[in-house]
Structure formats: C-alpha cells, structure tokens
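Dumped query10.csv below, it's CSV, C-alpha atoms (C1' of nucleotides):
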chain,number,residue,atom,x,y,z
A,562,MET,CA,0.0,0.0,0.0
A,563,ASN,CA,1.4,3.4,-0.9
A,564,SER,CA,0.9,6.6,1.0
A,565,ARG,CA,-0.8,8.7,-1.7
A,566,PHE,CA,-4.1,9.2,0.2
A,567,PRO,CA,-2.5,10.5,3.5
A,568,VAL,CA,0.0,12.6,1.6
A,569,SER,CA,-2.7,14.2,-0.5
A,570,LEU,CA,-4.9,14.8,2.5
A,571,HIS,CA,-1.9,16.3,4.3
A,572,ILE,CA,-1.2,18.6,1.4
A,573,LEU,CA,-4.8,19.7,1.1
A,574,THR,CA,-5.1,20.3,4.9
A,575,LEU,CA,-2.0,22.5,4.8
A,576,LEU,CA,-3.3,24.4,1.7
A,577,ASP,CA,-6.6,25.0,3.5
A,578,GLY,CA,-4.7,26.4,6.5
A,579,ALA,CA,-2.9,28.8,4.2
A,580,LYS,CA,-6.1,30.5,3.2
A,581,GLY,CA,-5.3,31.2,-0.4
A,582,GLU,CA,-1.6,32.1,0.1
A,583,VAL,CA,0.7,29.9,-2.1
A,584,VAL,CA,2.7,27.2,-0.3
A,585,SER,CA,5.9,25.8,-1.8
A,586,SER,CA,6.5,22.1,-2.3
A,587,ASP,CA,9.5,22.4,0.0
A,588,TYR,CA,7.4,23.6,2.8
A,589,LEU,CA,4.7,20.9,2.3
A,590,ALA,CA,7.5,18.3,2.0
A,591,GLY,CA,8.9,19.5,5.3
A,592,SER,CA,5.6,19.1,7.1
A,593,ILE,CA,4.9,15.7,5.6
A,594,ASN,CA,8.6,14.6,5.8
A,595,ILE,CA,8.9,13.3,2.3
A,596,ASN,CA,10.8,14.3,-0.7
A,597,PRO,CA,9.6,17.5,-2.4
A,598,VAL,CA,9.6,15.8,-5.8
A,599,LEU,CA,7.0,13.4,-4.6
A,600,VAL,CA,4.9,16.4,-3.3
A,601,ARG,CA,5.1,18.0,-6.7
A,602,LYS,CA,4.0,14.8,-8.4
A,603,GLU,CA,1.1,14.5,-6.0
A,604,ILE,CA,0.2,18.1,-6.6
A,605,ALA,CA,0.2,17.5,-10.3
A,606,ASN,CA,-2.5,14.8,-9.7
A,607,LEU,CA,-4.5,17.0,-7.3
A,608,ARG,CA,-4.4,19.7,-10.0
A,609,LYS,CA,-5.6,17.3,-12.6
A,610,TYR,CA,-8.7,16.7,-10.4
A,611,GLY,CA,-9.3,20.4,-10.0
A,612,PHE,CA,-8.6,20.5,-6.2
A,613,VAL,CA,-5.6,22.7,-6.4
A,614,ASP,CA,-3.7,25.1,-8.7
A,615,SER,CA,-0.1,26.2,-8.8
A,616,LYS,CA,2.0,29.1,-9.7
A,617,GLU,CA,5.4,28.7,-11.2
A,618,GLY,CA,8.5,30.7,-10.7
A,619,LYS,CA,9.9,32.6,-7.8
A,620,GLY,CA,7.4,33.1,-5.0
A,621,GLY,CA,5.3,30.3,-6.6
A,622,GLY,CA,3.6,27.4,-4.9
A,623,SER,CA,0.2,25.8,-4.7
A,624,PHE,CA,-3.2,26.8,-3.3
A,625,LEU,CA,-6.7,25.3,-3.2
A,626,ALA,CA,-8.7,25.8,-6.4
A,627,LYS,CA,-12.0,25.1,-4.7
A,628,ASN,CA,-13.5,25.9,-1.3
A,629,ALA,CA,-12.6,23.2,1.3
A,630,THR,CA,-16.4,22.7,1.8
A,631,GLU,CA,-16.6,21.6,-1.8
A,632,ILE,CA,-14.0,18.9,-1.6
A,633,ASN,CA,-15.1,15.7,0.0
A,634,LEU,CA,-12.8,12.9,1.1
A,635,GLY,CA,-14.5,10.4,-1.3
A,636,GLU,CA,-13.3,12.5,-4.2
A,637,VAL,CA,-9.8,12.7,-2.8
A,638,TYR,CA,-9.8,8.9,-2.5
A,639,LYS,CA,-10.9,8.5,-6.1
A,640,ALA,CA,-8.2,10.9,-7.2
A,641,VAL,CA,-5.4,8.8,-5.7
A,642,LYS,CA,-6.7,5.2,-5.8
A,643,SER,CA,-4.7,2.7,-7.9
A,644,ASP,CA,-4.8,-0.7,-6.3
A,645,TYR,CA,-7.8,-2.9,-5.9
A,646,ILE,CA,-9.1,-2.0,-2.5
A,647,LEU,CA,-8.7,-5.6,-1.1
A,648,GLY,CA,-5.7,-6.6,-3.1
A,649,GLN,CA,-5.2,-8.7,-6.1
A,650,ASN,CA,-3.3,-11.8,-7.1
A,651,LYS,CA,-1.2,-10.8,-10.1
A,652,ASN,CA,-0.9,-14.3,-11.4
A,653,GLU,CA,-3.7,-15.5,-13.6
A,654,PRO,CA,-5.7,-18.2,-11.7
A,655,ASN,CA,-6.1,-21.6,-13.3
A,656,PRO,CA,-8.7,-21.4,-16.0
A,657,LYS,CA,-9.2,-25.1,-15.9
A,658,CYS,CA,-10.6,-24.8,-12.4
A,659,PRO,CA,-14.2,-23.5,-12.1
A,660,VAL,CA,-13.3,-21.4,-9.1
A,661,GLY,CA,-10.0,-20.1,-10.7
A,662,ARG,CA,-11.8,-19.3,-13.9
A,663,GLN,CA,-14.5,-17.2,-12.3
A,664,ILE,CA,-13.0,-15.7,-9.2
A,665,ASN,CA,-11.7,-12.5,-10.7
A,666,GLU,CA,-15.1,-11.6,-12.0
A,667,HIS,CA,-16.7,-12.3,-8.6
A,668,LEU,CA,-13.9,-10.4,-6.7
A,669,LEU,CA,-14.4,-7.5,-9.0
A,670,GLY,CA,-18.1,-7.3,-8.2
A,671,LEU,CA,-17.3,-7.6,-4.5
A,672,TYR,CA,-14.6,-4.9,-4.7
A,673,THR,CA,-16.7,-2.5,-6.7
A,674,ASP,CA,-19.5,-2.6,-4.1
A,675,ALA,CA,-17.1,-2.6,-1.2
A,676,GLU,CA,-15.3,0.4,-2.6
A,677,ASN,CA,-18.6,2.2,-3.1
A,678,ALA,CA,-19.5,1.6,0.5
A,679,LEU,CA,-16.1,3.1,1.5
A,680,ILE,CA,-16.5,6.1,-0.8
A,681,ALA,CA,-20.0,6.7,0.4
A,682,TYR,CA,-18.6,7.0,4.0
A,683,LEU,CA,-15.7,9.2,3.0
A,684,ALA,CA,-18.0,11.4,0.9
A,685,LYS,CA,-19.8,12.5,4.0
A,686,GLN,CA,-16.8,14.4,5.1
A,687,THR,CA,-15.4,17.5,3.5
A,688,LEU,CA,-11.9,18.8,3.6
A,689,ALA,CA,-13.2,21.6,5.7
A,690,ASP,CA,-14.6,19.1,8.2
A,691,PHE,CA,-11.3,17.4,8.4
A,692,ALA,CA,-9.2,20.5,8.6
A,693,LEU,CA,-11.4,21.7,11.5
A,694,LYS,CA,-10.1,18.9,13.7
A,695,PHE,CA,-6.7,20.6,13.9
A,696,LYS,CA,-6.1,23.0,16.8
B,188,MET,CA,-1.0,-4.0,-1.3
B,189,ASN,CA,-0.7,-7.7,-0.9
B,190,SER,CA,-3.0,-10.4,-2.1
B,191,ARG,CA,-3.9,-12.0,1.2
B,192,PHE,CA,-7.6,-11.3,1.0
B,193,PRO,CA,-8.2,-12.6,-2.5
B,194,VAL,CA,-6.0,-15.6,-1.8
B,195,SER,CA,-7.8,-16.4,1.5
B,196,LEU,CA,-11.2,-16.0,-0.2
B,197,HIS,CA,-10.1,-18.3,-3.0
B,198,ILE,CA,-8.9,-20.9,-0.6
B,199,LEU,CA,-12.2,-20.8,1.4
B,200,THR,CA,-14.3,-20.9,-1.8
B,201,LEU,CA,-12.4,-24.0,-2.9
B,202,LEU,CA,-12.8,-25.7,0.5
B,203,ASP,CA,-16.5,-24.9,0.5
B,204,GLY,CA,-16.7,-26.6,-2.9
B,205,ALA,CA,-14.9,-29.7,-1.5
B,206,LYS,CA,-17.8,-30.3,1.0
B,207,GLY,CA,-15.7,-31.6,3.8
B,208,GLU,CA,-13.2,-33.5,1.8
B,209,VAL,CA,-9.6,-32.5,2.5
B,210,VAL,CA,-7.8,-30.4,-0.1
B,211,SER,CA,-4.1,-30.3,-0.4
B,212,SER,CA,-2.1,-27.1,-0.5
B,213,ASP,CA,-0.7,-28.2,-3.9
B,214,TYR,CA,-4.2,-28.4,-5.4
B,215,LEU,CA,-5.2,-25.0,-3.9
B,216,ALA,CA,-2.0,-23.4,-5.1
B,217,GLY,CA,-2.6,-24.8,-8.6
B,218,SER,CA,-6.0,-23.2,-8.8
B,219,ILE,CA,-4.8,-19.8,-7.4
B,220,ASN,CA,-1.5,-20.1,-9.3
B,221,ILE,CA,0.8,-19.2,-6.4
B,222,ASN,CA,3.4,-21.0,-4.5
B,223,PRO,CA,2.1,-23.8,-2.2
B,224,VAL,CA,4.2,-22.5,0.7
B,225,LEU,CA,2.2,-19.3,0.6
B,226,VAL,CA,-1.0,-21.3,0.6
B,227,ARG,CA,0.1,-23.2,3.7
B,228,LYS,CA,1.0,-19.9,5.4
B,229,GLU,CA,-2.3,-18.4,4.6
B,230,ILE,CA,-4.0,-21.6,5.8
B,231,ALA,CA,-2.1,-21.3,9.1
B,232,ASN,CA,-3.7,-17.9,9.5
B,233,LEU,CA,-7.2,-19.1,8.5
B,234,ARG,CA,-6.8,-21.9,11.0
B,235,LYS,CA,-5.8,-19.4,13.7
B,236,TYR,CA,-9.1,-17.7,13.1
B,237,GLY,CA,-11.1,-20.9,13.3
B,238,PHE,CA,-12.2,-20.9,9.7
B,239,VAL,CA,-10.4,-24.0,8.6
B,240,ASP,CA,-8.7,-27.1,10.0
B,241,SER,CA,-6.0,-29.3,8.5
B,242,LYS,CA,-4.9,-32.8,8.6
B,243,GLU,CA,-1.2,-33.7,8.4
B,244,GLY,CA,0.4,-36.6,6.6
B,245,LYS,CA,-0.3,-38.6,3.5
B,246,GLY,CA,-3.8,-37.9,2.2
B,247,GLY,CA,-3.9,-34.8,4.4
B,248,GLY,CA,-5.0,-31.3,3.5
B,249,SER,CA,-7.5,-28.7,4.7
B,250,PHE,CA,-11.2,-28.3,5.2
B,251,LEU,CA,-13.7,-25.8,6.5
B,252,ALA,CA,-14.0,-25.9,10.2
B,253,LYS,CA,-17.3,-24.0,10.2
B,254,ASN,CA,-20.3,-23.9,8.0
B,255,ALA,CA,-19.9,-21.5,5.1
B,256,THR,CA,-23.0,-19.7,6.2
B,257,GLU,CA,-21.2,-18.9,9.5
B,258,ILE,CA,-18.2,-17.2,7.9
B,259,ASN,CA,-18.8,-13.7,6.7
B,260,LEU,CA,-16.5,-11.7,4.5
B,261,GLY,CA,-16.0,-9.0,7.2
B,262,GLU,CA,-14.4,-11.6,9.4
B,263,VAL,CA,-12.2,-12.8,6.6
B,264,TYR,CA,-11.1,-9.3,6.0
B,265,LYS,CA,-10.2,-8.8,9.7
B,266,ALA,CA,-8.3,-12.1,9.6
B,267,VAL,CA,-5.9,-10.9,6.9
B,268,LYS,CA,-5.7,-7.2,7.3
B,269,SER,CA,-2.3,-5.7,8.1
B,270,ASP,CA,-2.0,-2.3,6.4
B,271,TYR,CA,-3.9,0.9,7.2
B,272,ILE,CA,-6.8,0.8,4.8
B,273,LEU,CA,-5.9,4.1,3.1
B,274,GLY,CA,-2.2,3.9,3.4
B,275,GLN,CA,0.3,5.4,5.7
B,276,ASN,CA,3.4,7.6,5.4
B,277,LYS,CA,6.2,5.7,7.2
B,278,ASN,CA,8.2,8.8,8.0
B,279,GLU,CA,7.2,10.8,11.0
B,280,PRO,CA,5.6,14.1,10.1
B,281,ASN,CA,7.1,17.3,11.3
B,282,PRO,CA,6.2,17.7,15.0
B,283,LYS,CA,6.9,21.5,14.7
B,284,CYS,CA,4.0,21.9,12.3
B,285,PRO,CA,0.5,21.9,13.8
B,286,VAL,CA,-0.8,19.8,10.9
B,287,GLY,CA,2.2,17.4,10.9
B,288,ARG,CA,1.9,17.1,14.7
B,289,GLN,CA,-1.8,16.0,14.6
B,290,ILE,CA,-2.4,14.4,11.3
B,291,ASN,CA,-1.7,10.8,12.3
B,292,GLU,CA,-4.2,11.0,15.1
B,293,HIS,CA,-6.9,12.4,12.8
B,294,LEU,CA,-6.0,9.9,10.0
B,295,LEU,CA,-6.4,7.1,12.5
B,296,GLY,CA,-9.8,8.3,13.5
B,297,LEU,CA,-10.8,8.5,9.8
B,298,TYR,CA,-9.4,5.1,9.0
B,299,THR,CA,-11.0,3.4,11.9
B,300,ASP,CA,-14.4,4.7,10.9
B,301,ALA,CA,-13.8,4.0,7.2
B,302,GLU,CA,-12.7,0.5,7.9
B,303,ASN,CA,-15.8,-0.1,10.0
B,304,ALA,CA,-18.0,1.0,7.1
B,305,LEU,CA,-16.1,-1.4,4.8
B,306,ILE,CA,-16.4,-4.2,7.3
B,307,ALA,CA,-20.1,-3.6,7.9
B,308,TYR,CA,-20.6,-4.0,4.1
B,309,LEU,CA,-18.5,-7.1,3.9
B,310,ALA,CA,-20.1,-8.6,6.9
B,311,LYS,CA,-23.5,-8.7,5.1
B,312,GLN,CA,-22.1,-11.4,2.9
B,313,THR,CA,-21.2,-14.9,3.9
B,314,LEU,CA,-18.8,-17.3,2.3
B,315,ALA,CA,-21.8,-19.4,1.3
B,316,ASP,CA,-23.3,-16.3,-0.5
B,317,PHE,CA,-20.0,-15.8,-2.3
B,318,ALA,CA,-19.5,-19.4,-3.2
B,319,LEU,CA,-23.0,-19.6,-4.7
B,320,LYS,CA,-22.0,-17.2,-7.4
B,321,PHE,CA,-19.8,-19.9,-9.0
B,322,LYS,CA,-21.4,-22.1,-11.7
C,754,DT,C1',8.9,-48.3,5.5
C,755,DA,C1',8.0,-45.6,1.3
C,756,DA,C1',5.2,-42.1,-0.1
C,757,DA,C1',2.5,-38.0,0.3
C,758,DC,C1',1.4,-34.7,2.8
C,759,DT,C1',1.8,-30.4,6.4
C,760,DG,C1',4.6,-26.9,8.9
C,761,DT,C1',8.0,-23.7,8.9
C,762,DA,C1',12.5,-21.4,8.4
C,763,DA,C1',15.8,-19.4,5.5
C,764,DT,C1',16.9,-17.2,1.5
C,765,DA,C1',16.4,-15.4,-3.1
C,766,DA,C1',14.0,-13.0,-6.7
C,767,DA,C1',10.8,-9.9,-8.2
C,768,DT,C1',8.1,-5.9,-7.7
C,769,DA,C1',6.7,-1.6,-5.8
C,770,DT,C1',7.6,2.5,-3.4
C,771,DT,C1',10.2,6.4,-2.1
C,772,DA,C1',14.3,9.3,-2.5
C,773,DT,C1',17.6,11.6,-5.0
C,774,DT,C1',19.8,14.0,-8.7
C,775,DA,C1',19.6,16.9,-12.4
C,776,DC,C1',18.0,20.4,-15.1
C,777,DA,C1',14.9,23.1,-18.2
C,778,DA,C1',11.2,26.4,-17.8
C,779,DT,C1',9.1,30.2,-15.4
C,780,DA,C1',8.3,34.2,-12.7
C,781,DT,C1',9.9,37.8,-9.4
C,782,DA,C1',12.3,41.5,-8.0
C,783,DA,C1',16.7,43.9,-7.1
D,264,DT,C1',18.8,42.1,-17.3
D,265,DT,C1',20.2,39.1,-14.3
D,266,DA,C1',20.4,36.4,-10.0
D,267,DT,C1',17.2,33.8,-7.4
D,268,DA,C1',13.5,30.9,-6.1
D,269,DT,C1',10.4,28.3,-7.6
D,270,DT,C1',7.7,24.4,-10.5
D,271,DG,C1',7.7,20.4,-13.7
D,272,DT,C1',9.5,16.3,-15.0
D,273,DA,C1',12.7,12.6,-16.3
D,274,DA,C1',16.1,9.4,-15.0
D,275,DT,C1',18.1,6.7,-11.7
D,276,DA,C1',19.2,4.8,-7.1
D,277,DA,C1',17.9,3.1,-2.7
D,278,DT,C1',14.8,0.9,0.2
D,279,DA,C1',10.9,-1.9,1.4
D,280,DT,C1',7.6,-5.2,0.5
D,281,DT,C1',5.8,-9.2,-1.6
D,282,DT,C1',6.2,-13.5,-3.6
D,283,DA,C1',8.8,-17.6,-4.9
D,284,DT,C1',11.9,-21.1,-3.9
D,285,DT,C1',14.6,-24.4,-1.5
D,286,DA,C1',15.1,-27.4,2.2
D,287,DC,C1',13.8,-30.4,5.5
D,288,DA,C1',11.7,-32.2,9.9
D,289,DG,C1',7.4,-34.1,11.4
D,290,DT,C1',3.0,-36.7,10.5
D,291,DT,C1',0.0,-40.0,8.6
D,292,DT,C1',-1.4,-43.6,5.5
D,293,DA,C1',-1.3,-47.8,3.1
This entry written out as structure tokens:
Amino acid sequence: MNSRFPVSLHILTLLDGAKGEVVSSDYLAGSININPVLVRKEIANLRKYGFVDSKEGKGGGSFLAKNATEINLGEVYKAVKSDYILGQNKNEPNPKCPVGRQINEHLLGLYTDAENALIAYLAKQTLADFALKFK
Amino acid sequence: MNSRFPVSLHILTLLDGAKGEVVSSDYLAGSININPVLVRKEIANLRKYGFVDSKEGKGGGSFLAKNATEINLGEVYKAVKSDYILGQNKNEPNPKCPVGRQINEHLLGLYTDAENALIAYLAKQTLADFALKFK
DNA sequence: TAAACTGTAATAAATATTATTACAATATAA
DNA sequence: TTATATTGTAATAATATTTATTACAGTTTA
C-alpha cells in the first residue's frame, strides 16, 4: 500500500490552512517529511482533479482551487486510488478450475460494491470538516 | 497492497466446494496459481481464526471448520488485514508543524471509521453467498 | 517403511515505493 | 537584465515489501 491518500490529504489540509496564500512544495514536504519531488507529483495529480492550482517561478507554490467545503474525502480517495481495495493476485488463476476461472469476476463485483461503501462513507466528510479537527 | 484477502477467499471458496473432503495445498496453489508454501502460510492464518482445519500426513489437507453460512467476509477481511486501509506515510511528520503534529491522530480516526464502514458492508455477505456465485 | 502430505525457516528473486539528482522552464524582484 | 526561487518532470538509485523457492523435519497412510 502506498501513502498517496494520506500525503494528498496532508497537502490539502496545509493548503486549507494557508487561506489562499501559495505554499511551496518544499514547505509541504517539510511538514509531511517526504521528498519535495513526490509532493510536486502528488500536486500534479490534485491539480488534474481540480482540487488545487499552482503558480510557477519565484514566490510560486500551490493553493486550493476550490473551497474546502466543496472537496469531499471520497473524491480525494478516487483521485489517488490505484490498487484494488482488497488486493489482487497478479498471477492468472487456473482457467481449468471452475473457481479459478470465475474468481476474478466475482472479486471485481465484490470490490466495486465494497469500494462504493467506503467512498459513500468518505464522501460524508469534506476537507473543511477534516481541517477543522486541527487545533 | 498484498494479495492475502483474495488468496484467502479463493482458498475458502475451494474448501467450500470440496464439501468436507480435505484439499491439499498443492491443489489449492494450482487453482490460485501461487506457491504452495504461501498457501500453507495463509491456511495457518485461517486456522488461527477458526475458519479451517488441517490434517497432516499422507492424504492430508485442509477443510472448512465452520459452515460457510457462519463465515462472513468481514471476518475474513479482519483475519488478513495488516496495512492501514488508506495507506500510511512511514516517515514521522514534522512535529513542529501543527498539521504534521496532529495528522496521524486524525487519520487514525478517519481510518477506523472508514474501515468499520467497509467491514459492515463485507459482513453482510457470507462465504456461502460468495461461493453460490460460482457455476 | 516408502510415499504424500503439512509446517516452517531461511533465502532469493521480483516488484513496488520512495528518495535523490539533475536540469529546463518560469516568474519575481533587485 | 540578471540572480534567485520556484515548478515540472525525467532518470536513476535506494529501500521496502511481496512473492517464490529451497530445504527439511514431522506426521499419517497404506
């Protein structure tokens, strides 16, 4: 499991706290304690999903492109997800076995529904709600 | 993300199909298409949780220790889970930053609730329900 | 007592993740 | 107009995780 969700949420929380001021990838990386290049990559993704925008050049950095009340955690999850939520076997199961032949199809159905249940839960909370927990 | 959940569910589905007959780790591994040693490790875990039992020696193998209607997929998930559901940053966030200092605590709260939502969904389905999908 | 298994440890190989280096492009401001 | 601070991104290296393999002792059966 990678750390893209917590890293993205950390970035978004910091940007929310900055109230429109731009924040550099170095500053963000310093709070998260990861390499700034990873932060910039993650920001590229958040930008792609319309959550943030960035300004290049000296004095540049990133800022929220939407109000924190308009970003829910289900959307953030969808923006970073890559793996199957409950894992996958990379090898092809045995097609000669009735279970092997059909399991991926049935796992996919299960995963789709399970992920929707998770997203529904996450979608109840906005970035604003999350950021409010910080004192 | 590892493949422990799909591997465990595959094993359990095969054992359900075997109707009490013992199934060898070699046979299970052949259907899943993974190494038999991994199957035996995963079976050791399923045994620890009381889902299966095994018989050593020639003609040995594993079998369900409970009725498939008494095993729900939420329990299976709990038996194999190791990672935080939405990932974790292994490096310690910056304690000098208010967000860095508190984020793990707030992520933990979020993850606990999110995982409970996922488990609640999975718990609605038994192994028997899942196995019934196979023709 | 040979054969077919499980259980498990140790190690190797493969894959995935994260970190680092490097540098072009961009914007600011002295 | 030029030095500086930044983003964007590619390439590579380092680290961590996952999976596979090898090896073998112990168990049970026939």
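Our summary of the geometry notes that atom C1' of DA769 of chain C is positioned 11.5 Å from atom CA of Asp644 of chain A.
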Quick one: residues within 12 Å of Asp614 of chain A, only C-alpha atoms (C1' of nucleotides) counted, chain neighbours fewer than 2 positions away excluded, as a list in words?
-> Leu573, Leu576, Gly581, Glu582, Val583, Val584, Ser585, Arg601, Glu603, Ile604, Ala605, Asn606, Leu607, Arg608, Lys609, Tyr610, Gly611, Phe612, Lys616, Glu617, Gly621, Gly622, Ser623, Phe624, Leu625, Ala626 and Lys627 of chain A; DT270 of chain D
Distance-based interface of chain A with chain C, 10 Å, counting only C-alpha atoms (C1' of nucleotides), as a PDB file with C-alpha atoms, in the frame of the given file:
ATOM      1  CA  MET A 562       0.000   0.000   0.000  1.00  0.00           C
ATOM      2  CA  ASN A 563       1.400   3.400  -0.900  1.00  0.00           C
ATOM      3  CA  SER A 564       0.900   6.600   1.000  1.00  0.00           C
ATOM      4  CA  ILE A 595       8.900  13.300   2.300  1.00  0.00           C
ATOM      5  CA  ASN A 596      10.800  14.300  -0.700  1.00  0.00           C
ATOM      6  CA  PRO A 597       9.600  17.500  -2.400  1.00  0.00           C
ATOM      7  CA  VAL A 598       9.600  15.800  -5.800  1.00  0.00           C
ATOM      8  CA  LEU A 599       7.000  13.400  -4.600  1.00  0.00           C
ATOM      9  CA  LYS A 616       2.000  29.100  -9.700  1.00  0.00           C
ATOM     10  CA  GLU A 617       5.400  28.700 -11.200  1.00  0.00           C
ATOM     11  CA  GLY A 618       8.500  30.700 -10.700  1.00  0.00           C
ATOM     12  CA  LYS A 619       9.900  32.600  -7.800  1.00  0.00           C
ATOM     13  CA  GLY A 620       7.400  33.100  -5.000  1.00  0.00           C
ATOM     14  CA  GLY A 621       5.300  30.300  -6.600  1.00  0.00           C
TER      15      GLY A 621
END
Among listed residues B:Asn220, B:Asn259, B:Asn281, B:Ser212, nearest chain D (using all atoms listed in the file) | B:Asn220
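Contacts from chain A to chain B at a cut-off of 7 Å (only C-alpha atoms) map to Met562, Asn563, Ser564, Phe566, Pro567, Leu575, Gly591, Ser592, Ile593, Asn594, Leu647, Gly648, Gln649, Asn650, Asn652, Glu653, Pro654, Asn655, Cys658, Val660, Gly661, Gln663, Ala675, Ala678, Leu679, Tyr682, Leu683 and Phe695 of chain A.
Considering only C-alpha atoms (C1' of nucleotides), the residue among B:Ala310, B:Val263, B:Ala205, B:Val226 positioned nearest to chain D is B:Val226.
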